[in-house]
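Below: one structure, written as structure tokens.
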Amino acid sequence: MVKSNLSSHRTLILNSTFQPLSIASAKRSVTLLLSRKINVIKNSTAEIRSENKTINIPKVAILTYYVKAPYSRRVALNRENIFIRDYFSCQYCGNKAESVDHIIPKSKGGEHIWSNVVACCKRCNLIKADKLLNQTILSLKKFPEKPEGNFWIKTIIGSNPDPEWKEYLISA
Ligand SMILES: [Zn+2]
């Protein structure tokens, strides 16, 4: 195969049930394609040339068999994933989130769990400080919950998925 800069090409791999499963590199998706482990749903214009044929790198492909997502795909409770869950917006005022707030402060016995953490902006974080919510003028836009289902795929894809993946990420 001809070596070219394919590092920016990624393929969204769907489980046989059409649920998003993972993101594969160009090389990996071509390997899966050649071993008939995936079928192409959407091709990109990027291609890999071998001696006798040209293979389009898929943008979206579906596995020909079902994979049970491993338990390791439980979403880690960290700053980045809290931001993704909260759409990078402050859960008190809606501005751009810049930090994470413990709703019940750690100093008052608040735990570091999904239902006690929210993304928040600098201003609200200053207002909130080490106080309980009812001691401030702030209120939550919605009750924070532990992400369920296919949320983890968002943490793999990040905040800037390929626009052509969009319709296949609805169930995520
Ligand atoms: Zn705010």
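Labeling convention for the structure tokens: chains A, B, ... as they appear, residues from 1 per chain, ligands from 1 in order of appearance.
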For this session: Let me have all residues with an atom within 9 Å of ligand 1, counting only C-alpha atoms and all ligand atoms, laid out as a count of residues only.
Result: 18
For this session: Please identify all polymer residues within 10 Å of Asp130 (chain A), counting only C-alpha atoms, omitting same-chain residues fewer than 2 positions from it, and present them as number ranges by chain.
Result: A: 101-108, 125-128, 132-133, 135
What are the closest atom pairs, with distances in Å to one decimal, for each residue of region 38-134 of chain A lying within 12 Å of region 165-169 of chain A, using only C-alpha atoms, rows by chain and rising residue number, as a tab-separated table?
```
residue	atom	partner	partner_atom	distance
A:Ile41	CA	A:Tyr168	CA	10.2
A:Lys42	CA	A:Trp165	CA	9.1
A:Asn43	CA	A:Trp165	CA	11.2
A:Ser44	CA	A:Trp165	CA	11.3
A:Pro58	CA	A:Trp165	CA	11.1
A:Lys59	CA	A:Trp165	CA	7.5
A:Val60	CA	A:Trp165	CA	6.9
A:Ala61	CA	A:Tyr168	CA	10.2
A:Ile62	CA	A:Tyr168	CA	10.5
```
Please produce an output containing all heavy atoms for each residue in the selection, written as a PDB file, in the first residue's frame.
```pdb
ATOM      1  N   ILE A  41     -21.105   2.064   4.906  1.00  0.00           N
ATOM      2  CA  ILE A  41     -22.383   2.786   4.824  1.00  0.00           C
ATOM      3  C   ILE A  41     -22.168   4.088   4.069  1.00  0.00           C
ATOM      4  O   ILE A  41     -22.958   4.465   3.228  1.00  0.00           O
ATOM      5  CB  ILE A  41     -22.952   3.056   6.235  1.00  0.00           C
ATOM      6  CG1 ILE A  41     -23.408   1.743   6.865  1.00  0.00           C
ATOM      7  CG2 ILE A  41     -24.109   4.046   6.161  1.00  0.00           C
ATOM      8  CD1 ILE A  41     -24.037   1.903   8.225  1.00  0.00           C
ATOM      9  N   LYS A  42     -21.063   4.753   4.379  1.00  0.00           N
ATOM     10  CA  LYS A  42     -20.744   6.020   3.728  1.00  0.00           C
ATOM     11  C   LYS A  42     -19.247   6.055   3.448  1.00  0.00           C
ATOM     12  O   LYS A  42     -18.443   5.829   4.353  1.00  0.00           O
ATOM     13  CB  LYS A  42     -21.115   7.150   4.691  1.00  0.00           C
ATOM     14  CG  LYS A  42     -21.670   8.381   4.049  1.00  0.00           C
ATOM     15  CD  LYS A  42     -21.988   9.408   5.122  1.00  0.00           C
ATOM     16  CE  LYS A  42     -23.408   9.893   5.007  1.00  0.00           C
ATOM     17  NZ  LYS A  42     -23.676  10.981   5.961  1.00  0.00           N
ATOM     18  N   ASN A  43     -18.878   6.347   2.222  1.00  0.00           N
ATOM     19  CA  ASN A  43     -17.461   6.440   1.884  1.00  0.00           C
ATOM     20  C   ASN A  43     -16.961   7.873   1.961  1.00  0.00           C
ATOM     21  O   ASN A  43     -17.723   8.815   1.807  1.00  0.00           O
ATOM     22  CB  ASN A  43     -17.225   5.919   0.464  1.00  0.00           C
ATOM     23  CG  ASN A  43     -16.675   4.511   0.466  1.00  0.00           C
ATOM     24  OD1 ASN A  43     -15.929   4.125   1.371  1.00  0.00           O
ATOM     25  ND2 ASN A  43     -17.038   3.734  -0.539  1.00  0.00           N
ATOM     26  N   SER A  44     -15.662   8.011   2.174  1.00  0.00           N
ATOM     27  CA  SER A  44     -15.047   9.330   2.059  1.00  0.00           C
ATOM     28  C   SER A  44     -14.410   9.407   0.679  1.00  0.00           C
ATOM     29  O   SER A  44     -14.434   8.444  -0.084  1.00  0.00           O
ATOM     30  CB  SER A  44     -13.987   9.507   3.140  1.00  0.00           C
ATOM     31  OG  SER A  44     -12.874   8.685   2.852  1.00  0.00           O
ATOM     32  N   PRO A  58     -13.728   4.297   4.435  1.00  0.00           N
ATOM     33  CA  PRO A  58     -15.105   4.609   4.830  1.00  0.00           C
ATOM     34  C   PRO A  58     -15.185   5.725   5.861  1.00  0.00           C
ATOM     35  O   PRO A  58     -14.277   5.863   6.684  1.00  0.00           O
ATOM     36  CB  PRO A  58     -15.617   3.289   5.431  1.00  0.00           C
ATOM     37  CG  PRO A  58     -14.486   2.339   5.434  1.00  0.00           C
ATOM     38  CD  PRO A  58     -13.266   3.005   4.903  1.00  0.00           C
ATOM     39  N   LYS A  59     -16.238   6.494   5.794  1.00  0.00           N
ATOM     40  CA  LYS A  59     -16.529   7.486   6.828  1.00  0.00           C
ATOM     41  C   LYS A  59     -17.371   6.842   7.919  1.00  0.00           C
ATOM     42  O   LYS A  59     -17.204   7.111   9.090  1.00  0.00           O
ATOM     43  CB  LYS A  59     -17.321   8.654   6.232  1.00  0.00           C
ATOM     44  CG  LYS A  59     -16.453   9.800   5.802  1.00  0.00           C
ATOM     45  CD  LYS A  59     -17.164  11.117   6.017  1.00  0.00           C
ATOM     46  CE  LYS A  59     -16.371  12.269   5.434  1.00  0.00           C
ATOM     47  NZ  LYS A  59     -15.188  12.574   6.215  1.00  0.00           N
ATOM     48  N   VAL A  60     -18.313   5.997   7.458  1.00  0.00           N
ATOM     49  CA  VAL A  60     -19.174   5.268   8.381  1.00  0.00           C
ATOM     50  C   VAL A  60     -19.265   3.830   7.889  1.00  0.00           C
ATOM     51  O   VAL A  60     -19.460   3.594   6.696  1.00  0.00           O
ATOM     52  CB  VAL A  60     -20.601   5.874   8.444  1.00  0.00           C
ATOM     53  CG1 VAL A  60     -21.461   5.138   9.465  1.00  0.00           C
ATOM     54  CG2 VAL A  60     -20.557   7.369   8.769  1.00  0.00           C
ATOM     55  N   ALA A  61     -19.080   2.884   8.804  1.00  0.00           N
ATOM     56  CA  ALA A  61     -19.171   1.472   8.425  1.00  0.00           C
ATOM     57  C   ALA A  61     -19.869   0.707   9.537  1.00  0.00           C
ATOM     58  O   ALA A  61     -19.884   1.130  10.694  1.00  0.00           O
ATOM     59  CB  ALA A  61     -17.780   0.902   8.172  1.00  0.00           C
ATOM     60  N   ILE A  62     -20.462  -0.406   9.165  1.00  0.00           N
ATOM     61  CA  ILE A  62     -21.195  -1.205  10.156  1.00  0.00           C
ATOM     62  C   ILE A  62     -20.562  -2.588  10.262  1.00  0.00           C
ATOM     63  O   ILE A  62     -20.169  -3.193   9.251  1.00  0.00           O
ATOM     64  CB  ILE A  62     -22.699  -1.287   9.778  1.00  0.00           C
ATOM     65  CG1 ILE A  62     -23.502  -2.009  10.869  1.00  0.00           C
ATOM     66  CG2 ILE A  62     -22.912  -1.937   8.414  1.00  0.00           C
ATOM     67  CD1 ILE A  62     -25.003  -1.762  10.777  1.00  0.00           C
TER      68      ILE A  62
END
```
Problem set entry | Contacts of Ala26 (chain A) at 8 Å (only C-alpha atoms; same-chain gap of 2+ positions) as a VMD selection string | chain A and resid 6 to 7 9 to 11 24 28 to 30 57 to 58
Can you spit out the residues from that selection as a PDB file, in the first residue's frame, using all heavy atoms?
```pdb
ATOM      1  N   LEU A   6      -2.801   9.794   6.115  1.00  0.00           N
ATOM      2  CA  LEU A   6      -4.187   9.396   6.323  1.00  0.00           C
ATOM      3  C   LEU A   6      -4.581   9.527   7.785  1.00  0.00           C
ATOM      4  O   LEU A   6      -5.659   9.128   8.188  1.00  0.00           O
ATOM      5  CB  LEU A   6      -4.379   7.946   5.868  1.00  0.00           C
ATOM      6  CG  LEU A   6      -4.171   7.706   4.370  1.00  0.00           C
ATOM      7  CD1 LEU A   6      -4.036   6.219   4.097  1.00  0.00           C
ATOM      8  CD2 LEU A   6      -5.293   8.288   3.551  1.00  0.00           C
ATOM      9  N   SER A   7      -3.669  10.113   8.554  1.00  0.00           N
ATOM     10  CA  SER A   7      -3.898  10.130   9.991  1.00  0.00           C
ATOM     11  C   SER A   7      -5.146  10.913  10.400  1.00  0.00           C
ATOM     12  O   SER A   7      -5.720  10.677  11.444  1.00  0.00           O
ATOM     13  CB  SER A   7      -2.674  10.688  10.711  1.00  0.00           C
ATOM     14  OG  SER A   7      -2.425  11.990  10.240  1.00  0.00           O
ATOM     15  N   HIS A   9      -7.963  10.841   8.821  1.00  0.00           N
ATOM     16  CA  HIS A   9      -9.191  10.148   8.431  1.00  0.00           C
ATOM     17  C   HIS A   9      -9.593   9.134   9.481  1.00  0.00           C
ATOM     18  O   HIS A   9      -8.825   8.268   9.850  1.00  0.00           O
ATOM     19  CB  HIS A   9      -9.007   9.456   7.079  1.00  0.00           C
ATOM     20  CG  HIS A   9      -8.853  10.439   5.960  1.00  0.00           C
ATOM     21  ND1 HIS A   9      -9.921  11.082   5.390  1.00  0.00           N
ATOM     22  CD2 HIS A   9      -7.745  10.922   5.352  1.00  0.00           C
ATOM     23  CE1 HIS A   9      -9.478  11.918   4.458  1.00  0.00           C
ATOM     24  NE2 HIS A   9      -8.159  11.836   4.422  1.00  0.00           N
ATOM     25  N   ARG A  10     -10.823   9.284   9.940  1.00  0.00           N
ATOM     26  CA  ARG A  10     -11.321   8.361  10.944  1.00  0.00           C
ATOM     27  C   ARG A  10     -12.657   7.802  10.480  1.00  0.00           C
ATOM     28  O   ARG A  10     -13.434   8.471   9.816  1.00  0.00           O
ATOM     29  CB  ARG A  10     -11.499   9.074  12.285  1.00  0.00           C
ATOM     30  CG  ARG A  10     -10.188   9.658  12.835  1.00  0.00           C
ATOM     31  CD  ARG A  10     -10.375  10.270  14.201  1.00  0.00           C
ATOM     32  NE  ARG A  10     -11.394  11.308  14.181  1.00  0.00           N
ATOM     33  CZ  ARG A  10     -12.017  11.771  15.257  1.00  0.00           C
ATOM     34  NH1 ARG A  10     -11.744  11.272  16.441  1.00  0.00           N
ATOM     35  NH2 ARG A  10     -12.933  12.715  15.161  1.00  0.00           N
ATOM     36  N   THR A  11     -12.902   6.569  10.849  1.00  0.00           N
ATOM     37  CA  THR A  11     -14.142   5.911  10.453  1.00  0.00           C
ATOM     38  C   THR A  11     -14.996   5.666  11.684  1.00  0.00           C
ATOM     39  O   THR A  11     -14.512   5.134  12.687  1.00  0.00           O
ATOM     40  CB  THR A  11     -13.838   4.558   9.774  1.00  0.00           C
ATOM     41  OG1 THR A  11     -12.952   4.784   8.687  1.00  0.00           O
ATOM     42  CG2 THR A  11     -15.112   3.891   9.277  1.00  0.00           C
ATOM     43  N   ALA A  24     -12.352   4.233  14.230  1.00  0.00           N
ATOM     44  CA  ALA A  24     -11.178   3.509  13.749  1.00  0.00           C
ATOM     45  C   ALA A  24     -10.316   4.400  12.883  1.00  0.00           C
ATOM     46  O   ALA A  24     -10.823   5.296  12.186  1.00  0.00           O
ATOM     47  CB  ALA A  24     -11.620   2.280  12.954  1.00  0.00           C
ATOM     48  N   ARG A  28      -6.895   0.884  10.148  1.00  0.00           N
ATOM     49  CA  ARG A  28      -7.690  -0.134  10.828  1.00  0.00           C
ATOM     50  C   ARG A  28      -8.994  -0.413  10.065  1.00  0.00           C
ATOM     51  O   ARG A  28      -9.388  -1.574   9.911  1.00  0.00           O
ATOM     52  CB  ARG A  28      -7.996   0.344  12.253  1.00  0.00           C
ATOM     53  CG  ARG A  28      -8.997  -0.486  13.020  1.00  0.00           C
ATOM     54  CD  ARG A  28      -8.349  -1.636  13.754  1.00  0.00           C
ATOM     55  NE  ARG A  28      -9.338  -2.450  14.442  1.00  0.00           N
ATOM     56  CZ  ARG A  28      -9.426  -3.774  14.344  1.00  0.00           C
ATOM     57  NH1 ARG A  28      -8.570  -4.441  13.602  1.00  0.00           N
ATOM     58  NH2 ARG A  28     -10.345  -4.439  14.998  1.00  0.00           N
ATOM     59  N   SER A  29      -9.637   0.627   9.571  1.00  0.00           N
ATOM     60  CA  SER A  29     -10.909   0.393   8.885  1.00  0.00           C
ATOM     61  C   SER A  29     -10.711  -0.327   7.560  1.00  0.00           C
ATOM     62  O   SER A  29     -11.537  -1.149   7.169  1.00  0.00           O
ATOM     63  CB  SER A  29     -11.694   1.694   8.717  1.00  0.00           C
ATOM     64  OG  SER A  29     -11.017   2.589   7.898  1.00  0.00           O
ATOM     65  N   VAL A  30      -9.583  -0.051   6.892  1.00  0.00           N
ATOM     66  CA  VAL A  30      -9.310  -0.772   5.644  1.00  0.00           C
ATOM     67  C   VAL A  30      -9.024  -2.250   5.939  1.00  0.00           C
ATOM     68  O   VAL A  30      -9.468  -3.149   5.223  1.00  0.00           O
ATOM     69  CB  VAL A  30      -8.148  -0.101   4.861  1.00  0.00           C
ATOM     70  CG1 VAL A  30      -7.653  -0.990   3.724  1.00  0.00           C
ATOM     71  CG2 VAL A  30      -8.607   1.244   4.315  1.00  0.00           C
ATOM     72  N   ILE A  57     -11.578   4.979   1.855  1.00  0.00           N
ATOM     73  CA  ILE A  57     -11.645   4.856   3.308  1.00  0.00           C
ATOM     74  C   ILE A  57     -13.063   5.208   3.741  1.00  0.00           C
ATOM     75  O   ILE A  57     -13.550   6.287   3.416  1.00  0.00           O
ATOM     76  CB  ILE A  57     -10.624   5.780   3.992  1.00  0.00           C
ATOM     77  CG1 ILE A  57      -9.214   5.388   3.543  1.00  0.00           C
ATOM     78  CG2 ILE A  57     -10.744   5.718   5.501  1.00  0.00           C
ATOM     79  CD1 ILE A  57      -8.196   6.461   3.768  1.00  0.00           C
ATOM     80  N   PRO A  58     -13.728   4.297   4.435  1.00  0.00           N
ATOM     81  CA  PRO A  58     -15.105   4.609   4.830  1.00  0.00           C
ATOM     82  C   PRO A  58     -15.185   5.725   5.861  1.00  0.00           C
ATOM     83  O   PRO A  58     -14.277   5.863   6.684  1.00  0.00           O
ATOM     84  CB  PRO A  58     -15.617   3.289   5.431  1.00  0.00           C
ATOM     85  CG  PRO A  58     -14.486   2.339   5.434  1.00  0.00           C
ATOM     86  CD  PRO A  58     -13.266   3.005   4.903  1.00  0.00           C
TER      87      PRO A  58
END
```
List the neighbours of Ile157 (chain A) out to 8 Å using only C-alpha atoms; skip same-chain residues closer than 4 positions along the sequence, and give me the result as a PDB file with C-alpha atoms, in the first residue's frame.
```
ATOM      1  CA  ILE A  23     -13.764   5.242  15.931  1.00  0.00           C
ATOM      2  CA  ILE A 153     -19.065   7.262  22.478  1.00  0.00           C
ATOM      3  CA  PRO A 161     -17.370  14.963  15.414  1.00  0.00           C
TER       4      PRO A 161
END
```
For this session: For Lys68 (chain A), please output as number ranges by chain all residues within 12 Å (counting only C-alpha atoms; exclusion window: fewer than 5 positions along the same chain).
Result: A: 14-17, 19-21, 63, 73
Exercise. Which residues in chain A does DSSP call alpha helix (DSSP H)? List them as a PyMOL selection string.
Worked result: chain A and resi 26-34+79-85+122-128+151-157
Exercise. If you run DSSP on the backbone, which residues of chain A are strand (DSSP E), as a PyMOL selection string?
Worked result: chain A and resi 10-14+20-25+38-49+54-63+99-102+117-120
For this session: Could you please determine the separation between CA of Leu77 (chain A) and CA of Glu148 (chain A) in Å, to one decimal place?
Result: 12.5 Å
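Of note, CA of Asn116 (chain A) and CA of Glu145 (chain A) are spaced 8.5 Å apart.
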